[in-house]
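Trainee: Sharing final34.cif, mmCIF, C-alpha atoms:
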data_final
#
loop_
_atom_site.label_atom_id
_atom_site.label_comp_id
_atom_site.auth_asym_id
_atom_site.auth_seq_id
_atom_site.Cartn_x
_atom_site.Cartn_y
_atom_site.Cartn_z
CA MET A 27 -133.22 129.69 22.60
CA ARG A 28 -131.38 126.43 21.94
CA ILE A 29 -133.39 123.23 22.33
CA PHE A 30 -131.51 120.18 23.54
CA PRO A 31 -131.35 117.34 20.97
CA ARG A 32 -133.58 115.02 23.04
CA ARG A 33 -136.29 117.66 23.22
CA ALA A 34 -135.83 118.57 19.59
CA LEU A 35 -136.35 114.94 18.62
CA ALA A 36 -139.43 114.69 20.81
CA ALA A 37 -140.84 117.87 19.31
CA ALA A 38 -140.22 116.53 15.83
CA VAL A 39 -141.90 113.23 16.61
CA ALA A 40 -144.87 115.00 18.17
CA THR A 41 -145.27 117.31 15.22
CA VAL A 42 -145.02 114.46 12.73
CA SER A 43 -147.64 112.52 14.70
CA VAL A 44 -150.09 115.39 14.53
CA LEU A 45 -149.20 116.05 10.91
CA ALA A 46 -150.04 112.45 10.13
CA LEU A 47 -153.57 113.23 11.21
CA SER A 48 -153.72 116.82 10.01
CA ALA A 49 -152.36 116.21 6.52
CA LEU A 50 -150.52 119.24 5.21
CA GLY A 51 -151.99 121.97 7.40
CA PRO A 52 -155.09 124.12 7.74
CA PRO A 53 -157.11 125.05 4.69
CA SER A 54 -157.24 128.62 3.48
CA ALA A 55 -160.29 130.69 4.28
CA ALA A 56 -163.18 130.00 1.95
CA ALA A 57 -166.66 131.48 1.61
CA ALA A 58 -166.15 133.55 4.76
CA SER A 59 -169.50 135.29 4.20
CA PHE A 60 -171.32 132.01 4.83
CA TYR A 61 -169.99 132.06 8.40
CA ASP A 62 -171.30 135.54 9.23
CA PRO A 63 -174.60 135.05 11.10
CA PRO A 64 -177.54 137.36 10.42
CA SER A 65 -178.01 139.99 13.10
CA PRO A 66 -180.25 139.59 14.91
CA LEU A 67 -180.62 135.84 14.64
CA PRO A 68 -183.94 134.83 13.11
CA ALA A 69 -186.53 133.59 15.56
CA GLY A 70 -186.68 129.87 15.98
CA SER A 71 -185.80 126.84 18.05
CA ASP A 72 -182.53 125.17 18.96
CA GLY A 73 -181.32 123.20 15.95
CA ASP A 74 -183.21 125.23 13.35
CA VAL A 75 -181.24 125.68 10.13
CA ILE A 76 -180.42 129.32 9.42
CA ARG A 77 -178.76 128.74 6.06
CA HIS A 78 -177.16 125.96 4.04
CA GLU A 79 -175.24 125.39 0.84
CA ALA A 80 -173.81 122.46 -1.10
CA SER A 81 -170.30 121.46 -0.08
CA THR A 82 -167.81 118.61 -0.56
CA PHE A 83 -165.85 116.15 1.53
CA TYR A 84 -162.42 115.13 0.29
CA ILE A 85 -160.72 112.44 2.37
CA ASP A 86 -157.22 113.43 1.22
CA PRO A 87 -155.46 116.80 0.89
CA VAL A 88 -154.60 116.18 -2.76
CA GLN A 89 -158.36 115.90 -3.36
CA LEU A 90 -158.16 112.62 -5.20
CA ILE A 91 -160.66 110.78 -2.98
CA LYS A 92 -164.09 112.35 -2.77
CA ALA A 93 -166.61 110.86 -0.38
CA ASP A 94 -169.60 109.22 -2.05
CA ALA A 95 -172.07 111.36 -0.16
CA SER A 96 -174.32 114.35 -0.50
CA VAL A 97 -172.73 117.15 1.52
CA GLN A 98 -174.34 120.29 2.89
CA ARG A 99 -172.63 123.03 4.88
CA ILE A 100 -175.08 124.39 7.45
CA MET A 101 -175.53 127.21 9.93
CA TYR A 102 -177.94 126.43 12.76
CA ARG A 103 -179.23 127.80 16.03
CA SER A 104 -177.64 126.60 19.27
CA ARG A 105 -176.77 127.99 22.70
CA ASP A 106 -173.55 129.06 24.40
CA THR A 107 -172.50 128.01 27.89
CA HIS A 108 -174.81 130.61 29.44
CA GLY A 109 -177.84 129.50 27.42
CA SER A 110 -177.84 132.49 25.06
CA PRO A 111 -178.79 131.79 21.41
CA ILE A 112 -175.86 131.62 18.99
CA ALA A 113 -175.23 130.53 15.41
CA VAL A 114 -173.02 127.48 14.85
CA THR A 115 -171.89 126.02 11.55
CA GLY A 116 -171.23 122.43 10.53
CA THR A 117 -171.54 119.80 7.84
CA VAL A 118 -174.26 117.24 7.09
CA LEU A 119 -173.24 114.19 5.06
CA THR A 120 -175.68 111.65 3.59
CA PRO A 121 -174.38 108.50 1.86
CA ARG A 122 -175.55 108.18 -1.71
CA SER A 123 -175.99 104.44 -1.25
CA ALA A 124 -179.22 103.06 0.18
CA TRP A 125 -179.45 102.13 3.84
CA HIS A 126 -179.57 98.34 4.19
CA GLY A 127 -179.91 98.07 7.95
CA SER A 128 -183.11 97.61 9.89
CA GLY A 129 -185.44 100.59 10.22
CA VAL A 130 -184.55 104.03 8.90
CA ARG A 131 -181.06 105.39 8.31
CA PRO A 132 -179.38 106.37 11.62
CA ILE A 133 -177.52 109.64 12.19
CA VAL A 134 -174.19 109.96 14.01
CA SER A 135 -173.23 113.35 15.40
CA TYR A 136 -169.45 113.26 15.20
CA ALA A 137 -167.57 115.62 17.49
CA VAL A 138 -164.07 116.26 16.17
CA GLY A 139 -160.94 116.49 18.28
CA THR A 140 -158.71 119.54 18.68
CA GLN A 141 -158.75 121.71 15.56
CA GLY A 142 -157.38 124.96 16.99
CA GLU A 143 -158.78 128.42 17.62
CA GLY A 144 -158.53 130.16 14.27
CA ASP A 145 -161.54 130.48 11.98
CA ASP A 146 -159.66 128.64 9.23
CA CYS A 147 -159.55 125.59 11.52
CA ALA A 148 -163.31 124.97 11.24
CA PRO A 149 -164.01 121.31 10.40
CA SER A 150 -166.48 122.31 7.67
CA LYS A 151 -163.63 124.09 5.87
CA ALA A 152 -161.18 121.26 6.50
CA LEU A 153 -163.61 118.61 5.21
CA ALA A 154 -164.18 120.54 1.99
CA ALA A 155 -160.45 121.01 1.43
CA GLY A 156 -159.38 117.46 2.35
CA PHE A 157 -157.48 118.56 5.46
CA GLU A 158 -159.67 117.10 8.21
CA TYR A 159 -157.43 114.63 10.08
CA GLU A 160 -160.48 112.70 11.32
CA GLY A 161 -161.73 112.33 7.77
CA PRO A 162 -160.94 108.57 7.67
CA PHE A 163 -163.19 107.89 10.68
CA ILE A 164 -165.98 110.03 9.22
CA ALA A 165 -165.59 108.18 5.91
CA GLY A 166 -165.89 104.92 7.84
CA LEU A 167 -169.21 106.06 9.31
CA LEU A 168 -170.47 106.92 5.83
CA ALA A 169 -169.31 103.54 4.50
CA ARG A 170 -171.54 101.88 7.10
CA GLY A 171 -174.51 103.79 5.74
CA TYR A 172 -174.98 106.31 8.55
CA GLY A 173 -175.91 109.90 8.02
CA VAL A 174 -173.26 112.04 9.69
CA VAL A 175 -173.32 115.58 11.03
CA VAL A 176 -170.11 117.31 12.14
CA THR A 177 -170.39 120.49 14.18
CA ASP A 178 -167.84 123.29 13.96
CA TYR A 179 -168.56 124.12 17.62
CA GLU A 180 -169.01 127.67 18.85
CA GLY A 181 -166.62 130.20 17.33
CA LEU A 182 -164.85 128.08 14.70
CA GLY A 183 -165.59 129.98 11.52
CA THR A 184 -168.29 132.07 13.15
CA PRO A 185 -167.52 135.31 15.06
CA GLY A 186 -165.93 135.16 18.50
CA ASP A 187 -163.36 132.81 19.99
CA HIS A 188 -163.89 129.08 19.92
CA THR A 189 -165.00 127.79 23.33
CA TYR A 190 -162.53 124.91 23.32
CA VAL A 191 -163.37 122.10 25.80
CA ASN A 192 -166.24 124.13 27.24
CA ARG A 193 -168.65 121.45 28.45
CA GLU A 194 -172.05 123.02 27.87
CA ALA A 195 -171.29 124.95 24.68
CA GLU A 196 -169.87 121.85 23.01
CA ALA A 197 -172.71 119.61 24.20
CA HIS A 198 -175.31 122.06 22.87
CA ALA A 199 -173.54 122.27 19.50
CA VAL A 200 -173.34 118.46 19.17
CA LEU A 201 -177.00 117.88 20.07
CA ASP A 202 -178.37 120.78 18.04
CA ALA A 203 -176.37 119.52 15.04
CA ILE A 204 -178.51 116.36 15.10
CA ARG A 205 -181.68 118.46 15.17
CA ALA A 206 -180.39 120.50 12.24
CA ALA A 207 -179.55 117.38 10.21
CA GLN A 208 -183.04 116.02 10.88
CA ARG A 209 -184.69 119.28 9.81
CA LEU A 210 -182.68 119.87 6.63
CA PRO A 211 -184.81 118.62 3.69
CA GLU A 212 -181.80 118.50 1.34
CA ALA A 213 -180.10 115.92 3.60
CA GLY A 214 -182.94 113.43 3.17
CA LEU A 215 -182.43 112.07 6.69
CA PRO A 216 -185.17 110.82 9.03
CA ASP A 217 -186.58 113.49 11.31
CA ASP A 218 -187.16 111.14 14.23
CA GLY A 219 -184.89 108.14 13.63
CA PRO A 220 -182.16 106.60 15.79
CA VAL A 221 -179.07 108.69 16.55
CA ALA A 222 -175.74 108.29 18.28
CA ILE A 223 -172.87 110.54 19.35
CA ALA A 224 -169.17 109.86 18.84
CA GLY A 225 -165.88 111.65 19.39
CA TYR A 226 -162.29 111.37 20.57
CA SER A 227 -160.15 113.77 22.64
CA GLN A 228 -161.86 117.17 22.59
CA GLY A 229 -164.56 115.33 20.67
CA GLY A 230 -164.64 112.65 23.35
CA GLY A 231 -165.32 115.34 25.91
CA ALA A 232 -168.01 116.88 23.70
CA SER A 233 -169.60 113.47 23.16
CA ALA A 234 -169.57 112.65 26.86
CA ALA A 235 -170.94 116.07 27.80
CA ALA A 236 -173.69 115.78 25.18
CA ALA A 237 -174.65 112.34 26.51
CA GLU A 238 -174.97 113.85 29.99
CA LEU A 239 -177.05 116.83 28.86
CA GLN A 240 -179.26 115.03 26.33
CA PRO A 241 -181.95 113.93 28.84
CA SER A 242 -182.64 117.55 29.80
CA TYR A 243 -181.57 119.48 26.69
CA ALA A 244 -182.75 117.25 23.84
CA PRO A 245 -184.98 114.53 25.32
CA GLU A 246 -186.84 114.03 22.03
CA LEU A 247 -183.78 112.59 20.31
CA LYS A 248 -183.82 108.79 20.00
CA LEU A 249 -180.27 108.49 21.28
CA LYS A 250 -178.92 104.94 21.26
CA GLY A 251 -175.49 105.50 22.74
CA ALA A 252 -172.33 107.58 22.88
CA TYR A 253 -168.74 106.67 22.05
CA ALA A 254 -166.32 108.90 23.98
CA GLY A 255 -162.61 108.31 23.47
CA ALA A 256 -159.83 109.81 25.63
CA VAL A 257 -162.24 112.16 27.40
CA PRO A 258 -160.66 115.27 28.98
CA ALA A 259 -163.07 114.87 31.89
CA ASP A 260 -161.04 116.89 34.41
CA LEU A 261 -159.50 119.99 32.82
CA ALA A 262 -157.40 120.78 35.88
CA ALA A 263 -155.62 117.43 35.51
CA VAL A 264 -155.23 117.89 31.76
CA ALA A 265 -153.81 121.41 32.21
CA LYS A 266 -151.24 120.16 34.71
CA ASN A 267 -150.15 117.48 32.27
CA LEU A 268 -149.87 119.92 29.35
CA ASP A 269 -147.75 122.56 31.10
CA GLY A 270 -144.29 122.32 29.51
CA HIS A 271 -145.54 119.56 27.18
CA TYR A 272 -145.06 119.42 23.41
CA ALA A 273 -148.84 120.09 23.15
CA VAL A 274 -148.82 123.05 25.56
CA GLY A 275 -150.47 125.07 22.80
CA PHE A 276 -153.67 123.20 23.68
CA LEU A 277 -153.48 124.80 27.12
CA GLY A 278 -153.32 128.12 25.31
CA PHE A 279 -156.49 127.20 23.41
CA ALA A 280 -158.22 126.44 26.71
CA LEU A 281 -157.19 129.79 28.21
CA VAL A 282 -158.59 131.65 25.20
CA SER A 283 -161.80 129.66 25.55
CA MET A 284 -162.16 130.34 29.28
CA ASN A 285 -161.51 134.04 28.79
CA TYR A 286 -164.15 134.26 26.05
CA ALA A 287 -166.80 132.28 27.91
CA TYR A 288 -166.09 134.06 31.20
CA PRO A 289 -164.68 137.51 30.36
CA GLU A 290 -164.79 138.52 34.01
CA LEU A 291 -161.79 136.24 34.58
CA ASN A 292 -159.63 138.64 32.51
CA ILE A 293 -156.93 136.03 31.97
CA PRO A 294 -154.66 138.37 29.93
CA ALA A 295 -154.22 140.46 33.11
CA LEU A 296 -152.22 137.55 34.58
CA LEU A 297 -149.78 137.48 31.69
CA ASN A 298 -146.50 139.23 30.99
CA ALA A 299 -145.62 140.59 27.55
CA ARG A 300 -144.55 137.17 26.26
CA GLY A 301 -147.69 135.58 27.65
CA LYS A 302 -149.95 138.16 26.04
CA GLN A 303 -148.19 137.64 22.72
CA LEU A 304 -148.71 133.87 22.95
CA PHE A 305 -152.34 134.37 23.97
CA GLU A 306 -153.04 136.47 20.88
CA GLN A 307 -151.07 134.10 18.67
CA VAL A 308 -152.97 130.93 19.65
CA ARG A 309 -156.28 132.70 18.95
CA THR A 310 -155.50 132.33 15.23
CA GLU A 311 -153.63 129.01 15.21
CA CYS A 312 -154.69 125.51 14.22
CA THR A 313 -153.41 122.35 15.88
CA VAL A 314 -150.18 121.79 13.94
CA GLU A 315 -149.19 125.45 14.11
CA ALA A 316 -149.66 125.53 17.89
CA VAL A 317 -147.64 122.35 18.43
CA ALA A 318 -144.79 123.61 16.27
CA ALA A 319 -144.74 127.13 17.72
CA HIS A 320 -145.07 126.50 21.44
CA ALA A 321 -143.72 123.04 22.23
CA PHE A 322 -142.28 122.67 25.77
CA THR A 323 -143.15 126.22 26.87
CA GLN A 324 -143.44 126.48 30.65
CA SER A 325 -146.43 128.58 31.65
CA SER A 326 -144.43 130.12 34.50
CA THR A 327 -142.50 132.04 31.82
CA LEU A 328 -145.75 133.64 30.64
CA THR A 329 -147.14 135.12 33.87
CA SER A 330 -146.36 138.45 35.46
CA ASP A 331 -145.36 136.93 38.80
CA GLY A 332 -143.66 133.78 37.52
CA ARG A 333 -146.29 131.42 38.91
CA SER A 334 -147.59 128.66 36.68
CA LEU A 335 -150.99 129.08 35.08
CA THR A 336 -152.02 125.74 36.54
CA ALA A 337 -151.41 127.18 40.01
CA TYR A 338 -153.85 129.98 39.21
CA LEU A 339 -156.44 127.48 38.00
CA GLY A 340 -156.52 126.02 41.50
CA GLU A 341 -157.58 129.36 42.99
CA GLU A 342 -160.75 131.43 42.78
CA PRO A 343 -162.31 132.77 40.69
CA TYR A 344 -160.69 130.36 38.20
CA ALA A 345 -161.16 127.10 40.12
CA SER A 346 -164.96 127.23 40.13
CA ARG A 347 -165.11 127.93 36.39
CA VAL A 348 -162.76 125.03 35.70
CA ALA A 349 -164.90 122.83 37.96
CA GLU A 350 -167.95 123.68 35.84
CA GLN A 351 -166.31 121.88 32.94
CA LYS A 352 -165.93 118.58 34.81
CA ILE A 353 -167.66 115.66 33.15
CA GLY A 354 -169.21 112.95 35.30
CA THR A 355 -171.52 114.93 37.54
CA LEU A 356 -174.61 114.07 35.47
CA LYS A 357 -176.03 110.74 34.32
CA PRO A 358 -176.34 109.76 30.64
CA SER A 359 -179.51 107.84 29.89
CA VAL A 360 -177.85 105.67 27.23
CA PRO A 361 -174.96 103.18 27.09
CA VAL A 362 -171.48 104.67 26.75
CA LEU A 363 -168.24 103.29 25.31
CA ILE A 364 -165.05 104.82 26.70
CA VAL A 365 -161.77 103.89 24.99
CA HIS A 366 -158.48 105.20 26.35
CA SER A 367 -154.84 104.18 26.09
CA ALA A 368 -153.01 103.73 29.37
CA LEU A 369 -150.01 105.23 27.52
CA ASP A 370 -151.82 108.41 26.43
CA ASP A 371 -149.36 111.30 26.58
CA ILE A 372 -151.90 114.16 26.49
CA VAL A 373 -155.11 113.22 28.33
CA PRO A 374 -154.33 111.37 31.60
CA TYR A 375 -155.74 107.85 31.50
CA GLU A 376 -156.75 107.66 35.16
CA GLN A 377 -159.34 110.42 34.86
CA ASP A 378 -161.30 108.39 32.32
CA ARG A 379 -161.28 105.31 34.51
CA THR A 380 -162.63 107.53 37.27
CA LEU A 381 -165.28 108.87 34.87
CA GLY A 382 -166.33 105.35 33.90
CA ARG A 383 -166.56 104.25 37.53
CA THR A 384 -168.58 107.35 38.41
CA TRP A 385 -171.08 106.68 35.65
CA CYS A 386 -171.27 103.01 36.66
CA GLY A 387 -172.13 104.16 40.17
CA LYS A 388 -175.04 106.14 38.70
CA GLY A 389 -176.38 103.07 36.92
CA VAL A 390 -175.04 103.82 33.41
CA LYS A 391 -174.11 100.83 31.22
CA VAL A 392 -170.44 101.60 30.59
CA GLN A 393 -168.06 99.60 28.44
CA PHE A 394 -164.57 100.76 29.41
CA SER A 395 -161.78 99.64 27.10
CA THR A 396 -158.09 100.07 27.84
CA SER A 397 -155.52 99.96 25.06
CA LEU A 398 -151.73 99.97 25.37
CA VAL A 399 -150.68 101.83 22.26
CA PRO A 400 -148.29 104.76 22.77
CA THR A 401 -149.40 108.38 22.37
CA HIS A 402 -152.72 110.13 22.22
CA VAL A 403 -152.70 110.13 18.42
CA LEU A 404 -152.19 106.39 17.98
CA GLY A 405 -154.80 105.77 20.68
CA ALA A 406 -157.38 107.37 18.37
CA VAL A 407 -156.48 105.09 15.47
CA ARG A 408 -156.49 102.03 17.73
CA ALA A 409 -160.03 102.92 18.89
CA TYR A 410 -161.52 103.10 15.37
CA PRO A 411 -162.58 99.45 14.88
CA GLU A 412 -163.88 99.12 18.42
CA ALA A 413 -165.98 102.27 18.06
CA PHE A 414 -167.40 101.13 14.71
CA ALA A 415 -168.38 97.73 16.10
CA TRP A 416 -169.95 99.27 19.20
CA LEU A 417 -172.03 101.74 17.19
CA GLU A 418 -173.22 98.95 14.91
CA GLY A 419 -174.42 97.05 17.96
CA ARG A 420 -176.40 100.00 19.25
CA PHE A 421 -178.16 100.61 15.93
CA ALA A 422 -178.83 96.87 15.55
CA GLY A 423 -180.61 96.86 18.91
CA LEU A 424 -178.18 94.43 20.53
CA PRO A 425 -177.98 94.48 24.35
CA PRO A 426 -175.12 96.75 25.44
CA ILE A 427 -172.18 95.11 27.18
CA SER A 428 -171.10 96.64 30.48
CA ASN A 429 -167.91 95.84 32.36
CA CYS A 430 -168.74 97.99 35.39
CA GLY A 431 -166.93 96.63 38.43
CA LEU A 432 -164.12 95.16 36.32
CA PHE A 433 -161.98 98.24 35.68
#
The structure given in the file should be rewritten as structure tokens.
Mentor:
Amino acid sequence: MRIFPRRALAAAVATVSVLALSALGPPSAAAASFYDPPSPLPAGSDGDVIRHEASTFYIDPVQLIKADASVQRIMYRSRDTHGSPIAVTGTVLTPRSAWHGSGVRPIVSYAVGTQGEGDDCAPSKALAAGFEYEGPFIAGLLARGYGVVVTDYEGLGTPGDHTYVNREAEAHAVLDAIRAAQRLPEAGLPDDGPVAIAGYSQGGGASAAAAELQPSYAPELKLKGAYAGAVPADLAAVAKNLDGHYAVGFLGFALVSMNYAYPELNIPALLNARGKQLFEQVRTECTVEAVAAHAFTQSSTLTSDGRSLTAYLGEEPYASRVAEQKIGTLKPSVPVLIVHSALDDIVPYEQDRTLGRTWCGKGVKVQFSTSLVPTHVLGAVRAYPEAFAWLEGRFAGLPPISNCGLF
């Protein structure tokens, strides 16, 4: 089908923007056997390390810049959205330089943004190959002396579909990654020191969800704060924005996730032949592939009855499952930084202002920062220095700044 020049240009710009973050594409599969969990899982507690091995972190895809850190790939115990034990993989990074701050070395659990659905999209694989588009931010955390742990989330690398933007599964993975980093002797990180959570986009949602669940799920962690950028707090609003968008492939990721977490929904039954083909295709795609393959697809062309998928999401049994993913119903016990561009073209800005106001109403110390840079991608880069400074303040014990009532 012919694409009009204006749309073709927009698609090209969008793809280039994502490519700028994703380097040259997804890494090839490596050490697949590491990602196969033992069956049954060994007995233990959430966050226990099941296995680990030495790994690497290249900041560039040409593998010229290697992070000055000790790197361990890990598999650890966590829980899915229903509370059942699962194995999740990730990466623990410890700077080789000494920590010069006060107290012991802090740990930041970094939740990455959209990687895709395929097993080759796992951040632990991308970090080792130099393809992780959020590598510069992770390198910045290491440069500040923090230990860093990066979860692969449920289903990236490990068996089963990745539960993309699933609130509880992602929160569990992020929090249990900290426990795993603390319990891994080879990482040399404190087992009860200060920690923080950070993330943008999908990672912003995972960070925000983890901050909400930490008081009940991991109360022993000495959490100092959470940075959550461009949080997809209301998936119904995000889905509506993505339908027919250049990043509509992300909606496909979410449908795969919902179908895996809640198989009773049987989402493929709603789809026509083209929709089923797309559904199966996105299950193996990473971010760049999905943007390039599905840009501007209208979901109404994928359903058996010609209704949009977003219309279905407003009806039962889908609506209640989507509502379960909403962030803002619980209260974090720590300060939170939310950064979002008013010109974000993927995650609607207004939902994050609503999230910030909701948390303020619950007594949370929220610093809400609005930027005016165009696009979701550039919003992430614009947030880097602000996030670094805010995290430094939390670990230094400075009083958190709140602008509740001013946004």
Trainee: When distances are computed from only C-alpha atoms, which of A:Gly405, A:Gly166, A:Gly275, A:Pro358 shows the smallest separation from Pro245 (chain A)?
Mentor: A:Pro358
Trainee: Distance CA of Pro294 (chain A)-CA of Gln228 (chain A), one decimal place?
Mentor: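 Those two atoms sit 23.6 Å apart.
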Trainee: Which polymer residues, protein or nucleic acid, are no farther than 10 Å from (-169.8, 111.9, 16.3), counting all atoms listed in the file, as a list in words?
Mentor: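 Applying the cut-off with all atoms listed in the file, one gets Ile133, Val134, Ser135, Tyr136, Ala137, Val138, Phe163, Ile164, Leu167, Val174, Val175, Val176, Thr177, Val200, Ile204, Val221, Ala222, Ile223, Ala224, Gly225, Tyr226, Gly229, Gly230, Ala232, Ser233, Ala252, Tyr253 and Ala254 of chain A.
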Trainee: Please provide the set of residues having any atom within 10 Å of Pro111 (chain A), restricted to all atoms listed in the file, with same-chain residues fewer than 3 positions apart removed, written as number ranges by chain.
Mentor: A: 67, 69-72, 103-108, 114
Trainee: Let me make sure I understand: among A:Pro63, A:Gly73, A:Pro289, A:Pro220, which one has the smallest atom-to-atom distance to Gly181 (chain A) if we use all atoms listed in the file?
Mentor: A:Pro63
Trainee: So that I can see what lies close to Gln240 (chain A), please list as a PyMOL selection string the residues with an atom at most 12 Å from it, counting all atoms listed in the file and leaving out residues fewer than 2 positions away in the same chain.
Mentor: chain A and resi 194+197-202+204-205+221-223+232-238+242-252+356-360
Trainee: Have a look at CA of Pro185 (chain A) and CA of Ile293 (chain A) and let me know their distance in Å, one decimal.
Mentor: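 Calculated distance between CA of Pro185 (chain A) and CA of Ile293 (chain A) is 20.0 Å.
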Trainee: Which residue is closest to Leu168 (chain A)? Choose from A:Asn429, A:Thr120, A:Thr189, A:Gln141 and count all atoms listed in the file.
Mentor: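 Of the candidates, the smallest distance to Leu168 (chain A) is held by A:Thr120.
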Trainee: For Asp145 (chain A), find every residue with an atom within 8 Å (counting all atoms listed in the file), except residues of its own chain fewer than 6 positions away, and show them as a list of chain:residue names.
Mentor: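 Close residues of Asp145 (chain A): A:Ala55, A:Gly181, A:Leu182, A:Gly183, A:Thr184, A:Thr310.
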Trainee: What is the distance, in Å and to one decimal place, between CA of Val407 (chain A) and CA of Val118 (chain A)?
Mentor: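 Computing it gives 23.1 Å between the two atoms.
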